[in-house]
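Written out below as C-alpha cells is the structure these notes cover.
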Amino acid sequence: EVRLVESGGGLVQPGGSLMLSCVASGFTFSTYAMSWLRQVPGQDLEWVSAINDEGKTYYTEAVKGRFTISRDNAKSTLYLQLTNLKTEDTAMYYCSKGHGINRRERGQGTQVTVSS
C-alpha cells in the first residue's frame, strides 16, 4: 500500500521560506517520479513540481526560481524548498506518486499559509 506523509507546512510572512518533506513507503521510491501538488479551497488540484527517477526537475511557471524540488532515495523522502513566498502560494500541499496529478496516490497534505 502506497503511503505518503507530508510535513513542514506552517504560517509564514510574505518573502519567507519553508521546507516541506514527504516520507514515502509501500513502493520502490527510487524508481518513480514524484510530484508536489497544491489545492486552494474551492479550486481543483494544481500541479506544482516534479522530479523524475534520474533527478531531472520540472516546475510550473508560477514557482520557477522560487521553489526547489529534491529527493533522498536512501530515506525515501521527497522535499520542496519554498522561498520568496507570496500570498498566492497559500494552499494545502500534497506529494503524489508519479509525474502529474495523481489524485489516488497522494498524502494527507500539509498547510502552507503566507500572510502578514
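Chains: A, B, ... in order of the C-alpha cells. Residues: from 1 per chain. Ligands: from 1, in order shown.
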message = Give me the residues near stretch 6-10 of chain A as a ChimeraX atom specification, where near means some atom within 6 Å (using only C-alpha atoms) and where sequence neighbours in that chain fewer than 3 positions away do not count.
response = /A:19-22,109-112
| task | For A:Lys56, please output as a PyMOL selection string all residues within 10 Å (counting only C-alpha atoms; exclusion window: fewer than 2 positions along the same chain). | result | chain A and resi 33+50-54+58+69-70
For the residues selected in the previous step, produce a file with all heavy atoms as a compact mmCIF listing (two decimals), in the first residue's frame.
```
# COMPACT_ATOMS: atom_id res chain seq x y z
N ALA A 33 9.04 8.71 -10.53
CA ALA A 33 8.95 10.16 -10.47
C ALA A 33 8.00 10.52 -9.33
O ALA A 33 7.11 9.73 -8.96
CB ALA A 33 8.42 10.74 -11.78
N ALA A 50 7.76 18.47 -10.19
CA ALA A 50 8.02 17.04 -10.25
C ALA A 50 9.51 16.80 -10.38
O ALA A 50 10.27 17.67 -10.82
CB ALA A 50 7.28 16.40 -11.42
N ILE A 51 9.91 15.60 -9.98
CA ILE A 51 11.30 15.17 -10.15
C ILE A 51 11.26 13.72 -10.62
O ILE A 51 10.52 12.90 -10.06
CB ILE A 51 12.09 15.34 -8.82
CG1 ILE A 51 13.55 14.96 -9.01
CG2 ILE A 51 11.45 14.55 -7.69
CD1 ILE A 51 14.44 15.38 -7.83
N ASN A 52 12.01 13.40 -11.66
CA ASN A 52 11.95 12.03 -12.15
C ASN A 52 12.96 11.16 -11.41
O ASN A 52 13.68 11.62 -10.52
CB ASN A 52 12.11 11.98 -13.67
CG ASN A 52 13.50 12.31 -14.17
OD1 ASN A 52 14.45 12.40 -13.38
ND2 ASN A 52 13.64 12.49 -15.47
N ASP A 53 13.04 9.89 -11.79
CA ASP A 53 13.90 8.96 -11.06
C ASP A 53 15.37 9.25 -11.27
O ASP A 53 16.22 8.77 -10.51
CB ASP A 53 13.57 7.52 -11.44
CG ASP A 53 13.78 7.25 -12.91
OD1 ASP A 53 13.66 8.19 -13.72
OD2 ASP A 53 14.05 6.09 -13.27
N GLU A 54 15.69 10.06 -12.28
CA GLU A 54 17.08 10.43 -12.53
C GLU A 54 17.44 11.79 -11.93
O GLU A 54 18.56 12.26 -12.09
CB GLU A 54 17.37 10.42 -14.03
CG GLU A 54 17.21 9.05 -14.66
CD GLU A 54 17.44 9.06 -16.17
OE1 GLU A 54 17.34 10.14 -16.77
OE2 GLU A 54 17.71 7.98 -16.73
N TYR A 58 11.10 19.61 -12.74
CA TYR A 58 10.12 20.32 -13.55
C TYR A 58 9.30 21.21 -12.62
O TYR A 58 9.02 20.83 -11.48
CB TYR A 58 9.17 19.34 -14.24
CG TYR A 58 9.85 18.26 -15.02
CD1 TYR A 58 10.33 17.10 -14.39
CD2 TYR A 58 10.05 18.38 -16.40
CE1 TYR A 58 10.96 16.10 -15.10
CE2 TYR A 58 10.68 17.38 -17.12
CZ TYR A 58 11.13 16.25 -16.47
OH TYR A 58 11.76 15.26 -17.18
N ILE A 69 12.60 21.41 -5.87
CA ILE A 69 12.24 20.04 -5.51
C ILE A 69 13.50 19.20 -5.46
O ILE A 69 14.44 19.40 -6.24
CB ILE A 69 11.22 19.46 -6.52
CG1 ILE A 69 10.64 18.14 -6.02
CG2 ILE A 69 11.84 19.32 -7.90
CD1 ILE A 69 9.46 17.64 -6.88
N SER A 70 13.53 18.25 -4.53
CA SER A 70 14.68 17.35 -4.43
C SER A 70 14.21 16.05 -3.79
O SER A 70 13.09 15.96 -3.28
CB SER A 70 15.81 17.98 -3.63
OG SER A 70 15.40 18.26 -2.30
```
| field | Contacts of A:Ser96 within 8 Å, only C-alpha atoms, excl. fewer than 4 positions in-chain, as a ChimeraX atom specification | value | /A:4,34-37,101-103,105-107
Now that the selection is made, can you save its residues with all heavy atoms as a compact mmCIF listing (two decimals), in the first residue's frame?
```
# COMPACT_ATOMS: atom_id res chain seq x y z
N LEU A 4 2.11 8.09 1.87
CA LEU A 4 2.87 9.34 1.71
C LEU A 4 2.49 10.26 2.86
O LEU A 4 1.30 10.52 3.08
CB LEU A 4 2.54 9.99 0.37
CG LEU A 4 2.86 9.15 -0.88
CD1 LEU A 4 2.16 9.71 -2.11
CD2 LEU A 4 4.36 9.08 -1.09
N MET A 34 8.20 11.70 -8.77
CA MET A 34 7.35 12.17 -7.68
C MET A 34 6.96 13.63 -7.95
O MET A 34 7.71 14.37 -8.59
CB MET A 34 8.07 12.09 -6.34
CG MET A 34 8.40 10.68 -5.88
SD MET A 34 6.94 9.69 -5.46
CE MET A 34 6.31 10.58 -4.03
N SER A 35 5.82 14.02 -7.44
CA SER A 35 5.32 15.38 -7.67
C SER A 35 4.84 16.03 -6.39
O SER A 35 4.51 15.35 -5.41
CB SER A 35 4.13 15.36 -8.65
OG SER A 35 4.51 14.97 -9.94
N TRP A 36 4.83 17.35 -6.41
CA TRP A 36 4.12 18.15 -5.41
C TRP A 36 2.92 18.80 -6.09
O TRP A 36 3.03 19.33 -7.22
CB TRP A 36 5.03 19.22 -4.83
CG TRP A 36 6.04 18.70 -3.86
CD1 TRP A 36 7.35 18.40 -4.11
CD2 TRP A 36 5.82 18.40 -2.47
NE1 TRP A 36 7.95 17.94 -2.96
CE2 TRP A 36 7.04 17.93 -1.95
CE3 TRP A 36 4.72 18.50 -1.62
CZ2 TRP A 36 7.19 17.54 -0.60
CZ3 TRP A 36 4.86 18.13 -0.29
CH2 TRP A 36 6.08 17.66 0.21
N LEU A 37 1.80 18.74 -5.40
CA LEU A 37 0.57 19.37 -5.85
C LEU A 37 0.12 20.35 -4.78
O LEU A 37 0.58 20.28 -3.64
CB LEU A 37 -0.54 18.31 -6.03
CG LEU A 37 -0.17 17.01 -6.74
CD1 LEU A 37 -1.34 16.03 -6.70
CD2 LEU A 37 0.27 17.27 -8.16
N ILE A 101 -0.77 14.99 -11.91
CA ILE A 101 -1.78 14.98 -10.84
C ILE A 101 -2.28 13.55 -10.63
O ILE A 101 -2.98 13.01 -11.47
CB ILE A 101 -2.93 15.93 -11.16
CG1 ILE A 101 -2.42 17.37 -11.23
CG2 ILE A 101 -4.03 15.80 -10.11
CD1 ILE A 101 -3.47 18.40 -11.59
N ASN A 102 -1.91 12.96 -9.51
CA ASN A 102 -2.35 11.63 -9.11
C ASN A 102 -3.25 11.79 -7.89
O ASN A 102 -2.78 11.93 -6.78
CB ASN A 102 -1.13 10.75 -8.79
CG ASN A 102 -1.52 9.31 -8.46
OD1 ASN A 102 -2.67 9.01 -8.18
ND2 ASN A 102 -0.54 8.43 -8.50
N ARG A 103 -4.55 11.80 -8.14
CA ARG A 103 -5.50 12.05 -7.05
C ARG A 103 -5.56 10.88 -6.08
O ARG A 103 -5.87 11.04 -4.91
CB ARG A 103 -6.89 12.32 -7.63
CG ARG A 103 -6.94 13.53 -8.54
CD ARG A 103 -8.30 13.71 -9.17
NE ARG A 103 -8.27 14.73 -10.19
CZ ARG A 103 -8.36 16.04 -9.94
NH1 ARG A 103 -8.52 16.45 -8.70
NH2 ARG A 103 -8.31 16.90 -10.92
N GLU A 105 -3.09 8.48 -5.34
CA GLU A 105 -1.90 8.17 -4.55
C GLU A 105 -1.22 9.47 -4.13
O GLU A 105 -0.24 9.92 -4.76
CB GLU A 105 -0.95 7.28 -5.34
CG GLU A 105 -1.55 5.91 -5.64
CD GLU A 105 -0.66 5.07 -6.53
OE1 GLU A 105 -0.20 5.57 -7.56
OE2 GLU A 105 -0.44 3.89 -6.19
N ARG A 106 -1.73 10.06 -3.09
CA ARG A 106 -1.16 11.29 -2.52
C ARG A 106 -1.33 11.26 -1.02
O ARG A 106 -2.12 10.47 -0.51
CB ARG A 106 -1.81 12.54 -3.13
CG ARG A 106 -3.31 12.64 -2.93
CD ARG A 106 -3.84 13.86 -3.64
NE ARG A 106 -5.30 13.86 -3.71
CZ ARG A 106 -6.07 14.76 -3.11
NH1 ARG A 106 -5.53 15.73 -2.38
NH2 ARG A 106 -7.38 14.71 -3.25
N GLY A 107 -0.60 12.11 -0.34
CA GLY A 107 -0.66 12.14 1.11
C GLY A 107 -1.85 12.94 1.61
O GLY A 107 -2.74 13.33 0.85
```
Check your understanding: Between A:Ala62, A:Leu11, A:Ala24, A:Leu80, which is the closest to A:Tyr93 once you count only C-alpha atoms?
Key ->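 Looking at the shortest contact to A:Tyr93, the residue is A:Leu80.
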Taking into account only C-alpha atoms, which residue in the set A:Val40, A:Val114, A:Val5, A:Leu82 is nearest to A:Gly26?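 So, comparing all the options, the nearest one is A:Val5.
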- [ ] Would you please extract all helix (DSSP H, G or I) residues from stretch 12-93 of chain A, as assigned by DSSP on the backbone, and give them as a count of residues only?
- [x] 12
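The shell of residues at most 12 Å from A:Arg104, with only C-alpha atoms counted and near chain neighbours (fewer than 5 positions) removed, consists of Glu1, Val2, Arg3, Leu4, Tyr94, Cys95, Ser96, Lys97 and Gly98 of chain A.
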For A:Leu85, the closest of A:Trp47, A:Asp72, A:Tyr32, A:Val63 counting only C-alpha atoms is A:Val63
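The spacing separating atom CA of A:Lys86 from atom CA of A:Pro14 amounts to 5.1 Å.
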